[in-house]
Amino acid sequence: MAMITYERIGARLREARERAGLTQEQAARSAGLVREQLSYYENGRREIDLVSLEKLANLYGYAISYFLEEEPSKAGDELALAFR
């Protein structure tokens, strides 16, 4: 079983933010972060804590598992976006 990397979590965070139509500044402010911190998370340069990940996941309309699973469910993504 392969481990998920910070880079992969970051790529999913960036993709989810872009799908939500938010800038880094807007997303960071809404989640109680600073833009630079979100940038580090999205680039995989820093480990993200579960509280911040949960805030971002809720903001973007995703389950936390989407960011942590090696092969996330695509059906869940479409469902979350449909209900936003």
# chains A, B, ... in the order shown; residues from 1 in each chain; ligands from 1
>>> residues_around(residues="stretch 27-39 of chain A", least_positions_apart="2", cutoff="8 Å", atoms="only C-alpha atoms", output="PyMOL selection string")
chain A and resi 17+22-25+41-43+52+55-56+59
>>> write_last_selection(atoms="N, CA and C atoms", output="compact mmCIF listing (two decimals), in the first residue's frame")
# COMPACT_ATOMS: atom_id res chain seq x y z
N ARG A 17 -9.80 23.86 -4.71
CA ARG A 17 -9.96 25.31 -4.59
C ARG A 17 -10.31 25.92 -5.93
N LEU A 22 -12.26 29.78 -6.16
CA LEU A 22 -11.69 30.67 -5.14
C LEU A 22 -10.22 30.94 -5.40
N THR A 23 -9.77 32.12 -5.03
CA THR A 23 -8.34 32.42 -5.05
C THR A 23 -7.74 31.89 -3.76
N GLN A 24 -6.41 31.82 -3.71
CA GLN A 24 -5.77 31.39 -2.46
C GLN A 24 -6.12 32.35 -1.33
N GLU A 25 -6.16 33.63 -1.62
CA GLU A 25 -6.48 34.63 -0.60
C GLU A 25 -7.89 34.42 -0.05
N TYR A 41 0.88 24.55 1.73
CA TYR A 41 0.13 23.30 1.72
C TYR A 41 -0.09 22.81 0.29
N GLU A 42 -0.51 23.71 -0.58
CA GLU A 42 -0.80 23.32 -1.96
C GLU A 42 0.44 22.87 -2.72
N ASN A 43 1.59 23.39 -2.35
CA ASN A 43 2.84 23.00 -3.00
C ASN A 43 3.50 21.79 -2.34
N SER A 52 -7.00 22.23 9.89
CA SER A 52 -6.95 23.06 8.68
C SER A 52 -7.48 22.29 7.48
N LYS A 55 -11.26 22.26 7.64
CA LYS A 55 -11.83 23.56 7.27
C LYS A 55 -11.83 23.74 5.76
N LEU A 56 -10.71 23.40 5.11
CA LEU A 56 -10.61 23.54 3.66
C LEU A 56 -11.54 22.56 2.95
N LEU A 59 -15.01 23.88 3.18
CA LEU A 59 -15.13 25.06 2.32
C LEU A 59 -15.30 24.66 0.86
>>> residues_around(residues="A:Ile48", least_positions_apart="5", cutoff="9 Å", atoms="only C-alpha atoms", output="ChimeraX atom specification")
/A:6,9-10,41,53
>>> write_last_selection(atoms="N, CA and C atoms", output="mmCIF file, in the first residue's frame")
data_model
loop_
_atom_site.group_PDB
_atom_site.id
_atom_site.type_symbol
_atom_site.label_atom_id
_atom_site.label_comp_id
_atom_site.auth_asym_id
_atom_site.auth_seq_id
_atom_site.Cartn_x
_atom_site.Cartn_y
_atom_site.Cartn_z
ATOM 1 N N TYR A 6 2.574 14.653 0.776
ATOM 2 C CA TYR A 6 2.128 16.029 0.956
ATOM 3 C C TYR A 6 1.902 16.695 -0.392
ATOM 4 N N ILE A 9 -1.549 15.570 -1.630
ATOM 5 C CA ILE A 9 -2.586 16.271 -0.861
ATOM 6 C C ILE A 9 -2.672 17.710 -1.345
ATOM 7 N N GLY A 10 -1.524 18.345 -1.530
ATOM 8 C CA GLY A 10 -1.497 19.727 -1.998
ATOM 9 C C GLY A 10 -2.106 19.903 -3.370
ATOM 10 N N TYR A 41 0.881 24.549 1.729
ATOM 11 C CA TYR A 41 0.128 23.300 1.720
ATOM 12 C C TYR A 41 -0.094 22.806 0.294
ATOM 13 N N LEU A 53 -7.128 21.027 7.370
ATOM 14 C CA LEU A 53 -7.611 20.208 6.260
ATOM 15 C C LEU A 53 -9.132 20.091 6.307
#
>>> select_by_dssp(residues="chain A", states="helix (DSSP H, G or I)", output="PyMOL selection string")
chain A and resi 6-19+24-31+35-42+50-60+64-68+74-82
>>> atom_distance(atom1="atom CA of A:Glu47", atom2="atom CA of A:Glu69")
15.7 Å
>>> residues_around(residues="A:Ile4", least_positions_apart="6", cutoff="9 Å", atoms="only C-alpha atoms", output="list in words")
Phe67, Leu68, Glu69 and Glu70 of chain A
>>> atom_distance(atom1="atom CA of A:Tyr60", atom2="atom CA of A:Arg8")
16.6 Å
>>> closest_residue(among="A:Gly21, A:Thr5, A:Ala16, A:Ala11", to="A:Ala57", atoms="only C-alpha atoms")
A:Ala16
>>> closest_residue(among="A:Met3, A:Tyr40, A:Tyr66, A:Glu71", to="A:Glu15", atoms="only C-alpha atoms")
A:Tyr66
>>> decode(residues="stretch 34-72 of chain A", atoms="C-alpha atoms", output="mmCIF file, in the first residue's frame")
data_model
loop_
_atom_site.group_PDB
_atom_site.id
_atom_site.type_symbol
_atom_site.label_atom_id
_atom_site.label_comp_id
_atom_site.auth_asym_id
_atom_site.auth_seq_id
_atom_site.Cartn_x
_atom_site.Cartn_y
_atom_site.Cartn_z
ATOM 1 C CA VAL A 34 -2.886 33.180 5.722
ATOM 2 C CA ARG A 35 -2.383 32.915 1.965
ATOM 3 C CA GLU A 36 1.267 31.920 2.291
ATOM 4 C CA GLN A 37 0.347 29.034 4.559
ATOM 5 C CA LEU A 38 -2.206 27.750 2.039
ATOM 6 C CA SER A 39 0.383 28.106 -0.709
ATOM 7 C CA TYR A 40 2.830 25.937 1.248
ATOM 8 C CA TYR A 41 0.128 23.300 1.720
ATOM 9 C CA GLU A 42 -0.801 23.324 -1.960
ATOM 10 C CA ASN A 43 2.844 22.997 -2.999
ATOM 11 C CA GLY A 44 3.444 20.120 -0.586
ATOM 12 C CA ARG A 45 6.123 22.038 1.296
ATOM 13 C CA ARG A 46 4.427 21.828 4.681
ATOM 14 C CA GLU A 47 2.454 19.205 6.542
ATOM 15 C CA ILE A 48 -1.189 20.199 6.950
ATOM 16 C CA ASP A 49 -2.890 19.601 10.275
ATOM 17 C CA LEU A 50 -6.276 17.885 10.361
ATOM 18 C CA VAL A 51 -8.111 20.958 11.646
ATOM 19 C CA SER A 52 -6.948 23.055 8.680
ATOM 20 C CA LEU A 53 -7.611 20.208 6.260
ATOM 21 C CA GLU A 54 -11.136 19.820 7.628
ATOM 22 C CA LYS A 55 -11.830 23.558 7.271
ATOM 23 C CA LEU A 56 -10.614 23.545 3.663
ATOM 24 C CA ALA A 57 -12.467 20.330 2.814
ATOM 25 C CA ASN A 58 -15.714 21.797 4.171
ATOM 26 C CA LEU A 59 -15.127 25.057 2.320
ATOM 27 C CA TYR A 60 -14.569 23.237 -0.977
ATOM 28 C CA GLY A 61 -17.419 20.744 -0.421
ATOM 29 C CA TYR A 62 -15.287 17.598 -0.159
ATOM 30 C CA ALA A 63 -14.881 14.870 2.448
ATOM 31 C CA ILE A 64 -11.475 14.781 4.153
ATOM 32 C CA SER A 65 -11.000 11.291 2.738
ATOM 33 C CA TYR A 66 -10.753 12.783 -0.772
ATOM 34 C CA PHE A 67 -7.463 14.415 0.207
ATOM 35 C CA LEU A 68 -6.089 11.468 2.190
ATOM 36 C CA GLU A 69 -6.980 8.402 0.116
ATOM 37 C CA GLU A 70 -4.615 7.178 -2.551
ATOM 38 C CA GLU A 71 -7.459 6.690 -5.061
ATOM 39 C CA PRO A 72 -10.361 8.938 -4.043
#
